[in-house]
>>> print(open('target27.tsv').read())   # TSV, C-alpha atoms
chain	number	residue	atom	x	y	z
A	188	MET	CA	9.36	-6.41	26.04
A	189	THR	CA	13.08	-5.73	26.45
A	190	GLU	CA	13.61	-2.43	28.25
A	191	ILE	CA	14.21	0.28	25.68
A	192	GLU	CA	14.61	4.04	25.62
A	193	LEU	CA	12.81	6.13	23.02
A	194	ARG	CA	14.96	9.05	21.91
A	195	GLU	CA	15.86	11.12	18.86
A	196	ALA	CA	18.28	9.49	16.48
A	197	THR	CA	21.84	10.81	16.14
A	198	HIS	CA	24.55	10.48	13.50
A	199	ASP	CA	26.34	8.09	15.86
A	200	ASP	CA	23.47	5.58	15.52
A	201	TYR	CA	24.17	5.08	11.81
A	202	GLU	CA	26.08	1.79	11.97
A	203	ASN	CA	23.60	0.19	14.36
A	204	VAL	CA	20.67	1.23	12.18
A	205	VAL	CA	22.32	0.02	8.97
A	206	ALA	CA	23.01	-3.33	10.62
A	207	PHE	CA	19.31	-4.24	10.65
A	208	THR	CA	17.95	-2.20	7.73
A	209	GLU	CA	20.31	-2.81	4.81
A	210	ASP	CA	18.69	-6.17	3.95
A	211	THR	CA	15.09	-5.24	4.75
A	212	TRP	CA	13.73	-6.27	1.33
A	213	ALA	CA	16.53	-8.52	0.11
A	214	ASP	CA	13.97	-11.23	-0.70
A	215	ARG	CA	12.34	-8.85	-3.18
A	216	GLY	CA	15.57	-7.92	-4.93
A	217	ARG	CA	15.71	-4.37	-3.59
A	218	GLY	CA	17.69	-2.61	-0.91
A	219	ASP	CA	16.35	-0.40	1.85
A	220	TYR	CA	16.63	3.34	1.28
A	221	ILE	CA	17.28	4.21	4.92
A	222	PRO	CA	21.08	3.62	4.85
A	223	ARG	CA	21.32	6.02	1.88
A	224	ILE	CA	19.35	8.88	3.42
A	225	TYR	CA	19.95	8.32	7.13
A	226	HIS	CA	22.14	11.36	7.77
A	227	ASP	CA	19.63	13.61	5.98
A	228	TRP	CA	17.03	12.38	8.45
A	229	ILE	CA	19.09	13.68	11.36
A	230	ASP	CA	19.68	17.22	10.12
A	231	GLY	CA	16.44	18.86	9.05
A	232	GLU	CA	13.59	21.07	10.14
A	233	ASN	CA	10.02	20.00	10.86
A	234	GLN	CA	11.01	16.36	11.28
A	235	TYR	CA	11.46	13.93	14.13
A	236	THR	CA	13.54	10.78	13.73
A	237	LEU	CA	13.04	8.34	16.57
A	238	VAL	CA	15.02	5.28	17.61
A	239	ALA	CA	14.24	2.64	20.19
A	240	ASP	CA	17.53	2.23	22.06
A	241	ALA	CA	17.98	-1.21	23.67
A	242	GLY	CA	21.48	-0.53	24.95
A	243	ASP	CA	23.81	-2.60	22.83
A	244	GLU	CA	21.48	-2.48	19.84
A	245	ILE	CA	18.94	-0.21	18.19
A	246	ALA	CA	15.59	-2.01	18.33
A	247	GLY	CA	13.79	0.18	15.80
A	248	ILE	CA	13.62	3.43	13.86
A	249	VAL	CA	10.84	5.60	12.40
A	250	GLN	CA	10.46	9.20	11.25
A	251	CYS	CA	7.69	11.80	11.25
A	252	VAL	CA	7.69	14.89	9.02
A	253	MET	CA	5.33	17.87	9.05
A	254	LEU	CA	4.10	18.43	5.48
A	255	SER	CA	1.81	21.34	6.29
A	256	ASP	CA	0.44	23.12	9.35
A	257	TRP	CA	-1.96	20.22	9.94
A	258	GLU	CA	-0.60	17.21	8.01
A	259	ALA	CA	2.08	14.88	9.35
A	260	TRP	CA	3.69	11.96	7.52
A	261	GLY	CA	5.15	8.84	9.12
A	262	GLN	CA	7.78	6.83	7.28
A	263	GLY	CA	10.62	4.36	7.54
A	264	MET	CA	9.19	2.17	10.31
A	265	ARG	CA	11.75	-0.60	10.81
A	266	VAL	CA	12.05	-3.03	13.69
A	267	ASN	CA	15.25	-4.96	14.35
A	268	PRO	CA	14.49	-8.69	13.80
A	269	ASN	CA	15.99	-9.38	17.23
A	270	PHE	CA	13.15	-7.36	18.79
A	271	ARG	CA	10.15	-8.45	16.74
A	272	GLU	CA	6.89	-9.33	18.53
A	273	GLN	CA	7.86	-7.19	21.53
A	274	GLY	CA	5.65	-4.16	20.86
A	275	VAL	CA	8.48	-1.94	19.59
A	276	ALA	CA	6.50	-0.69	16.58
A	277	SER	CA	3.53	0.25	18.75
A	278	VAL	CA	5.45	2.31	21.31
A	279	MET	CA	7.35	4.13	18.55
A	280	THR	CA	4.12	4.84	16.67
A	281	TYR	CA	2.39	6.34	19.70
A	282	ASP	CA	5.43	8.53	20.32
A	283	LEU	CA	5.14	9.80	16.73
A	284	PHE	CA	1.45	10.51	17.28
A	285	ASP	CA	2.33	12.56	20.37
A	286	TRP	CA	5.01	14.54	18.54
A	287	ALA	CA	2.80	15.27	15.53
A	288	ARG	CA	-0.08	16.39	17.72
A	289	GLU	CA	2.27	18.74	19.61
A	290	GLN	CA	3.23	20.32	16.27
A	291	GLY	CA	-0.44	21.04	15.53
A	292	ALA	CA	-1.15	18.12	13.18
A	293	THR	CA	-4.68	16.74	13.06
A	294	VAL	CA	-3.80	13.79	10.85
A	295	LEU	CA	-0.75	11.56	10.45
A	296	ARG	CA	-0.58	9.45	7.32
A	297	ASN	CA	1.82	6.81	6.09
A	298	MET	CA	2.33	4.65	3.00
A	299	VAL	CA	2.58	0.87	2.98
A	300	PHE	CA	3.45	-1.23	-0.05
A	301	SER	CA	0.45	-3.43	-0.86
A	302	TRP	CA	2.62	-6.55	-0.66
A	303	ASN	CA	3.85	-5.64	2.84
A	304	VAL	CA	1.21	-7.56	4.76
A	305	ALA	CA	3.07	-7.27	8.07
A	306	GLY	CA	3.31	-3.49	7.66
A	307	LEU	CA	-0.39	-3.22	6.87
A	308	GLY	CA	-1.30	-5.25	9.94
A	309	SER	CA	1.03	-3.21	12.13
A	310	SER	CA	-0.48	0.05	10.89
A	311	ARG	CA	-4.04	-1.09	11.56
A	312	ALA	CA	-3.09	-2.41	15.01
A	313	ALA	CA	-1.60	0.99	15.89
A	314	GLY	CA	-4.80	2.81	14.96
A	315	TYR	CA	-4.33	3.84	11.34
A	316	ASP	CA	-7.36	3.58	9.05
A	317	PRO	CA	-7.31	2.98	5.28
A	318	VAL	CA	-7.33	6.23	3.26
A	319	THR	CA	-6.65	5.46	-0.40
A	320	GLU	CA	-4.49	3.56	-2.87
A	321	PHE	CA	-2.54	4.67	-5.91
A	322	ARG	CA	-0.19	3.36	-8.57
A	323	TRP	CA	2.72	4.72	-10.63
A	324	ALA	CA	2.51	5.27	-14.39
A	325	HIS	CA	5.81	5.45	-16.27
A	326	PRO	CA	5.46	7.19	-19.65
A	327	GLU	CA	8.66	7.15	-21.68
A	328	PRO	CA	10.19	10.63	-22.21
A	329	ASP	CA	9.65	11.54	-25.85
A	330	ALA	CA	10.41	14.95	-27.34
A	331	THR	CA	8.34	14.07	-30.44
A	332	ALA	CA	5.19	12.97	-28.60
A	333	GLU	CA	2.04	14.55	-30.02
A	334	SER	CA	-1.23	15.30	-28.24
A	335	ALA	CA	-4.62	15.62	-29.87
A	336	MET	CA	-5.64	18.26	-27.33
A	337	THR	CA	-4.59	21.81	-26.49
A	338	LEU	CA	-2.07	22.36	-23.71
A	339	THR	CA	-2.52	25.28	-21.28
A	340	GLU	CA	-1.40	26.36	-17.80
A	341	ASP	CA	-4.82	27.56	-16.65
A	342	VAL	CA	-4.77	27.34	-12.85
A	343	ASN	CA	-8.48	28.04	-12.40
A	344	ALA	CA	-9.43	25.45	-14.99
A	345	ALA	CA	-7.18	22.82	-13.39
A	346	TRP	CA	-8.55	23.56	-9.92
A	347	LYS	CA	-12.16	23.35	-11.12
A	348	PHE	CA	-11.42	20.04	-12.80
A	349	TRP	CA	-9.68	18.63	-9.72
A	350	THR	CA	-12.39	19.57	-7.25
A	351	GLY	CA	-15.03	17.76	-9.30
A	352	SER	CA	-12.95	14.81	-10.47
A	353	ASP	CA	-13.18	11.12	-9.67
A	354	ALA	CA	-9.42	11.22	-9.13
A	355	ARG	CA	-9.73	13.66	-6.24
A	356	THR	CA	-12.60	11.69	-4.71
A	357	HIS	CA	-10.69	8.41	-4.83
A	358	LEU	CA	-7.42	9.93	-3.58
A	359	GLU	CA	-9.12	11.91	-0.81
A	360	GLY	CA	-7.51	15.03	-2.28
A	361	LEU	CA	-3.97	13.67	-1.90
A	362	VAL	CA	-1.08	13.92	-4.38
A	363	LEU	CA	2.66	13.33	-4.22
A	364	ASP	CA	4.09	15.97	-1.89
A	365	TYR	CA	6.18	18.67	-3.56
A	366	GLU	CA	8.87	18.72	-0.87
A	367	GLU	CA	9.05	15.32	0.81
A	368	SER	CA	9.86	12.28	-1.33
A	369	TRP	CA	7.51	9.30	-0.98
A	370	ALA	CA	4.91	11.32	0.90
A	371	LEU	CA	1.38	12.39	-0.04
A	372	SER	CA	-0.34	15.60	1.04
A	373	GLU	CA	-3.48	17.49	0.14
A	374	LEU	CA	-3.34	19.45	-3.11
A	375	THR	CA	-4.24	23.13	-2.77
A	376	ARG	CA	-4.98	25.84	-5.29
A	377	ASP	CA	-1.78	27.59	-4.18
A	378	ASP	CA	0.13	24.46	-5.18
A	379	LEU	CA	-1.28	24.75	-8.70
A	380	GLN	CA	-0.48	28.45	-8.80
A	381	ASN	CA	3.12	27.74	-7.79
A	382	ARG	CA	3.42	25.04	-10.44
A	383	ALA	CA	2.06	27.35	-13.14
A	384	GLU	CA	4.52	30.11	-12.19
A	385	ASN	CA	7.35	27.61	-12.68
A	386	ASN	CA	6.00	26.15	-15.94
A	387	GLU	CA	5.15	22.91	-14.16
A	388	LEU	CA	1.39	22.72	-14.75
A	389	LEU	CA	0.09	20.74	-17.73
A	390	VAL	CA	-3.62	21.17	-18.52
A	391	VAL	CA	-5.17	19.47	-21.55
A	392	GLN	CA	-8.32	20.98	-23.00
A	393	GLU	CA	-10.78	20.08	-25.74
A	394	ASN	CA	-14.21	21.66	-25.38
A	395	GLY	CA	-13.46	22.07	-21.69
A	396	VAL	CA	-10.74	20.78	-19.38
A	397	ARG	CA	-10.05	17.09	-19.91
A	398	GLY	CA	-7.18	16.50	-17.49
A	399	PHE	CA	-4.03	17.85	-15.89
A	400	ALA	CA	-0.70	16.91	-14.34
A	401	THR	CA	1.84	18.77	-12.23
A	402	VAL	CA	5.60	18.40	-12.14
A	403	CYS	CA	6.81	17.46	-8.68
A	404	ARG	CA	10.61	17.22	-8.82
A	405	LYS	CA	13.65	16.18	-10.81
A	406	SER	CA	15.92	13.66	-9.11
A	407	GLU	CA	18.99	11.54	-9.69
A	408	TRP	CA	18.44	7.89	-8.73
A	409	GLU	CA	20.56	4.80	-9.22
A	410	ASN	CA	19.35	2.16	-11.64
A	411	GLU	CA	19.69	-1.60	-11.14
A	412	ASP	CA	23.31	-1.43	-12.33
A	413	GLY	CA	24.19	1.30	-9.86
A	414	ASP	CA	24.42	3.98	-12.55
A	415	PRO	CA	22.71	7.37	-12.09
A	416	GLU	CA	19.45	8.07	-13.92
A	417	THR	CA	17.52	11.32	-14.17
A	418	TRP	CA	13.89	10.97	-13.12
A	419	VAL	CA	11.11	13.53	-13.36
A	420	GLU	CA	8.18	12.89	-11.01
A	421	TYR	CA	4.64	14.16	-11.49
A	422	SER	CA	2.54	14.64	-8.36
A	423	ILE	CA	-0.72	13.71	-10.05
A	424	GLY	CA	-2.13	12.65	-13.36
A	425	ALA	CA	-5.92	13.07	-13.60
A	426	TRP	CA	-8.18	12.89	-16.64
A	427	ASP	CA	-11.70	12.25	-17.95
A	428	ASP	CA	-11.45	9.22	-20.24
A	429	ALA	CA	-9.11	7.14	-22.39
A	430	ASP	CA	-8.72	9.85	-25.05
A	431	SER	CA	-7.78	12.50	-22.52
A	432	ALA	CA	-5.41	10.05	-20.82
A	433	ARG	CA	-3.64	9.48	-24.12
A	434	SER	CA	-3.26	13.23	-24.68
A	435	LEU	CA	-2.14	13.94	-21.14
A	436	PHE	CA	0.51	11.21	-21.20
A	437	ALA	CA	1.78	12.55	-24.52
A	438	GLU	CA	2.22	15.99	-22.95
A	439	ILE	CA	3.97	14.44	-19.95
A	440	ALA	CA	6.29	12.45	-22.23
A	441	ARG	CA	7.26	15.58	-24.14
A	442	ASP	CA	7.63	17.66	-20.98
A	443	ALA	CA	9.82	15.01	-19.36
A	444	ALA	CA	12.10	14.87	-22.41
A	445	GLU	CA	12.47	18.64	-22.40
A	446	ARG	CA	13.52	18.44	-18.74
A	447	GLY	CA	16.20	15.88	-19.56
A	448	ALA	CA	14.46	12.91	-17.94
A	449	GLU	CA	15.50	9.34	-18.63
A	450	ARG	CA	12.66	7.92	-16.55
A	451	THR	CA	9.37	9.22	-15.16
A	452	ARG	CA	6.74	8.31	-12.64
A	453	VAL	CA	3.26	9.78	-12.39
A	454	LEU	CA	0.94	9.19	-9.44
A	455	ILE	CA	-2.46	7.93	-10.62
A	456	PRO	CA	-5.49	6.65	-8.70
A	457	GLU	CA	-5.72	2.88	-8.27
A	458	THR	CA	-9.11	2.33	-9.91
A	459	ALA	CA	-10.20	0.12	-12.78
A	460	GLN	CA	-10.76	3.19	-14.96
A	461	PHE	CA	-7.46	4.99	-14.36
A	462	VAL	CA	-5.29	1.89	-14.50
A	463	SER	CA	-7.01	0.52	-17.62
A	464	ASP	CA	-6.94	3.94	-19.33
A	465	THR	CA	-3.18	4.02	-18.69
A	466	ALA	CA	-2.73	0.55	-20.13
A	467	TYR	CA	-4.93	1.47	-23.12
A	468	ALA	CA	-2.66	4.46	-23.75
A	469	ARG	CA	0.25	1.98	-23.85
A	470	VAL	CA	1.98	3.52	-20.86
A	471	LYS	CA	3.92	1.30	-18.46
A	472	ILE	CA	2.43	0.80	-15.01
A	473	SER	CA	4.00	-0.33	-11.74
A	474	ASP	CA	3.31	-3.93	-10.79
A	475	ASP	CA	1.65	-3.22	-7.45
A	476	PRO	CA	-0.40	-0.42	-5.91
A	477	ASP	CA	0.61	1.40	-2.74
A	478	PHE	CA	-1.74	2.00	0.18
A	479	VAL	CA	-2.07	5.19	2.23
A	480	MET	CA	-3.19	4.90	5.84
A	481	GLY	CA	-4.20	7.72	8.17
A	482	MET	CA	-4.54	8.39	11.89
A	483	ASP	CA	-7.03	11.00	13.10
A	484	LEU	CA	-5.03	12.78	15.80
A	485	THR	CA	-8.11	14.57	17.14
A	486	LYS	CA	-9.21	11.20	18.58
A	487	SER	CA	-7.84	9.25	21.52
A	488	TYR	CA	-5.26	6.69	20.45
A	489	ARG	CA	-4.01	5.20	23.72
>>> encode(input="target27.tsv", output="structure tokens")
Amino acid sequence: MTEIELREATHDDYENVVAFTEDTWADRGRGDYIPRIYHDWIDGENQYTLVADAGDEIAGIVQCVMLSDWEAWGQGMRVNPNFREQGVASVMTYDLFDWAREQGATVLRNMVFSWNVAGLGSSRAAGYDPVTEFRWAHPEPDATAESAMTLTEDVNAAWKFWTGSDARTHLEGLVLDYEESWALSELTRDDLQNRAENNELLVVQENGVRGFATVCRKSEWENEDGDPETWVEYSIGAWDDADSARSLFAEIARDAAERGAERTRVLIPETAQFVSDTAYARVKISDDPDFVMGMDLTKSYR
């Protein structure tokens, strides 16, 4: 492997990083997000952005973020094509493991698109194990949407439902993180309490709790034409059956419209039931699932 130095990224590395990341997924008709958020990755707490410095070029970049006292999240692993097959990804990954463990993390997770076969192989080779898979549902915002069930903000009812749900079992307790975009962390009862206090907890009931969703964040993203769009994200959508799915999505559609959303995305488990219930409710679904991988930092990894 070419001799490289692992060090924290700086603002001065921007041009060199953009040079090999801007066309990462050009063959799939999408641009890489790293050039857009790079400078935010440099200035921030509880995060570690690492580059592999090869002298005249940057050989790779990756970031680790602490999501809680014990959960770390790895993201943005990119290797310069000029340095592929030289072990750059592995040495950067182990450095992230070391940093996360020093912060007190006992697990470091990441997300890999299901179509990114190289990324999946790289994650497994570095020691990550499969954790779960999920998909995005995209109900259309609709201020006139009607639900057949009663809407509440009952924290205890939502927590009871979650702890006994198939959704929690499949997702290993993970939902879209409330602070870090594109990251998943374990849902806690305090999270639900915080959502309820901010009118961001949607619980549908009919002779008992039938499902719930939580608002995650409101964001401005660019559409395919480069114009801004308002998105509202929901950290989790969980329900009992097709009827409760239909009611929950109706409540989400109305809630999103009231928040001024033009688009939405709701994290749902990637199972035959949840995906088919969503389709049956005539809600759009993303084309591909995403995979979550995890590294147990209490074990040896070198």
>>> atom_distance(input="target27.tsv", atom1="atom CA of A:Asp230", atom2="atom CA of A:Glu195")
11.3 Å
>>> atom_distance(input="target27.tsv", atom1="atom CA of A:Trp418", atom2="atom CA of A:Lys405")
5.7 Å
>>> residues_around(input="target27.tsv", residues="A:Thr339", least_positions_apart="2", cutoff="12 Å", atoms="all atoms listed in the file", output="list in words")
Met336, Thr337, Asp341, Val342, Asn343, Ala344, Ala345, Ala383, Asn386, Glu387, Leu388, Leu389, Val390, Val391, Gln392, Glu393, Gly395, Val396, Arg397, Gly398, Phe399, Ala400, Thr401, Leu435 and Glu438 of chain A
>>> atom_distance(input="target27.tsv", atom1="atom CA of A:Val252", atom2="atom CA of A:Ala276")
17.4 Å
>>> closest_residue(input="target27.tsv", among="A:Val204, A:Val294, A:Ala313, A:Val318", to="A:Pro268", atoms="all atoms listed in the file")
A:Val204
>>> closest_residue(input="target27.tsv", among="A:Ala466, A:Ala330, A:Val402, A:Ile248", to="A:Ala437", atoms="only C-alpha atoms")
A:Ala330
>>> closest_residue(input="target27.tsv", among="A:Asp329, A:Asp210, A:Asp378, A:Asp316", to="A:Leu363", atoms="all atoms listed in the file")
A:Asp378
>>> residues_around(input="target27.tsv", residues="A:Trp286", least_positions_apart="4", cutoff="8 Å", atoms="all atoms listed in the file", output="PyMOL selection string")
chain A and resi 235+282+290
>>> residues_around(input="target27.tsv", residues="A:Gly247", least_positions_apart="5", cutoff="9 Å", atoms="all atoms listed in the file", output="PyMOL selection string")
chain A and resi 204+207+237-240+264-267+270+275-276+279
>>> closest_residue(input="target27.tsv", among="A:Ala324, A:Ile472, A:Met482, A:Val462", to="A:Tyr421", atoms="only C-alpha atoms")
A:Ala324
>>> closest_residue(input="target27.tsv", among="A:Arg223, A:Lys486, A:Arg441, A:His325", to="A:Ala292", atoms="only C-alpha atoms")
A:Lys486
>>> closest_residue(input="target27.tsv", among="A:Ala241, A:Ile423, A:Leu338, A:Ala196", to="A:Leu374", atoms="only C-alpha atoms")
A:Ile423
>>> build_atoms(input="target27.tsv", residues="stretch 231-242 of chain A", atoms="all heavy atoms", output="compact mmCIF listing (two decimals), in the coordinates of the input")
# COMPACT_ATOMS: atom_id res chain seq x y z
N GLY A 231 17.56 18.34 9.83
CA GLY A 231 16.44 18.86 9.05
C GLY A 231 15.40 19.48 9.95
O GLY A 231 15.29 19.14 11.14
N GLU A 232 14.64 20.39 9.38
CA GLU A 232 13.59 21.07 10.14
C GLU A 232 12.26 20.33 9.96
O GLU A 232 12.05 19.61 8.99
CB GLU A 232 13.45 22.51 9.66
CG GLU A 232 14.70 23.37 9.88
CD GLU A 232 14.51 24.79 9.41
OE1 GLU A 232 13.45 25.07 8.82
OE2 GLU A 232 15.43 25.59 9.60
N ASN A 233 11.38 20.54 10.92
CA ASN A 233 10.02 20.00 10.86
C ASN A 233 10.00 18.48 10.72
O ASN A 233 9.11 17.92 10.07
CB ASN A 233 9.23 20.64 9.71
CG ASN A 233 9.08 22.13 9.87
OD1 ASN A 233 8.81 22.62 10.97
ND2 ASN A 233 9.28 22.87 8.79
N GLN A 234 10.98 17.82 11.32
CA GLN A 234 11.01 16.36 11.28
C GLN A 234 11.53 15.81 12.59
O GLN A 234 12.26 16.47 13.33
CB GLN A 234 11.87 15.86 10.11
CG GLN A 234 13.34 16.23 10.21
CD GLN A 234 14.13 15.81 8.97
OE1 GLN A 234 13.61 15.83 7.86
NE2 GLN A 234 15.38 15.42 9.16
N TYR A 235 11.12 14.58 12.87
CA TYR A 235 11.46 13.93 14.13
C TYR A 235 11.82 12.49 13.81
O TYR A 235 10.97 11.71 13.36
CB TYR A 235 10.26 14.00 15.06
CG TYR A 235 10.37 13.25 16.37
CD1 TYR A 235 11.45 13.44 17.22
CD2 TYR A 235 9.36 12.37 16.76
CE1 TYR A 235 11.53 12.77 18.43
CE2 TYR A 235 9.42 11.69 17.97
CZ TYR A 235 10.51 11.89 18.80
OH TYR A 235 10.59 11.23 20.01
N THR A 236 13.08 12.14 13.99
CA THR A 236 13.54 10.78 13.73
C THR A 236 13.78 10.09 15.06
O THR A 236 14.60 10.55 15.87
CB THR A 236 14.82 10.78 12.88
OG1 THR A 236 14.59 11.52 11.68
CG2 THR A 236 15.22 9.36 12.52
N LEU A 237 13.09 9.01 15.28
CA LEU A 237 13.04 8.34 16.57
C LEU A 237 13.71 6.97 16.49
O LEU A 237 13.51 6.24 15.52
CB LEU A 237 11.57 8.16 16.98
CG LEU A 237 11.26 7.32 18.21
CD1 LEU A 237 11.69 8.07 19.47
CD2 LEU A 237 9.77 7.01 18.26
N VAL A 238 14.50 6.64 17.49
CA VAL A 238 15.02 5.28 17.61
C VAL A 238 14.61 4.71 18.96
O VAL A 238 14.40 5.43 19.93
CB VAL A 238 16.56 5.22 17.47
CG1 VAL A 238 17.00 5.56 16.06
CG2 VAL A 238 17.26 6.09 18.51
N ALA A 239 14.48 3.38 18.95
CA ALA A 239 14.24 2.64 20.19
C ALA A 239 15.59 2.04 20.59
O ALA A 239 16.09 1.12 19.94
CB ALA A 239 13.21 1.54 19.96
N ASP A 240 16.18 2.59 21.62
CA ASP A 240 17.53 2.23 22.06
C ASP A 240 17.43 1.11 23.10
O ASP A 240 16.87 1.29 24.18
CB ASP A 240 18.21 3.46 22.66
CG ASP A 240 19.68 3.24 22.96
OD1 ASP A 240 20.10 2.07 23.04
OD2 ASP A 240 20.41 4.24 23.12
N ALA A 241 18.00 -0.06 22.75
CA ALA A 241 17.98 -1.21 23.67
C ALA A 241 19.33 -1.43 24.32
O ALA A 241 19.62 -2.52 24.82
CB ALA A 241 17.54 -2.46 22.91
N GLY A 242 20.17 -0.42 24.32
CA GLY A 242 21.48 -0.53 24.95
C GLY A 242 22.55 -0.88 23.95
O GLY A 242 23.15 0.00 23.34
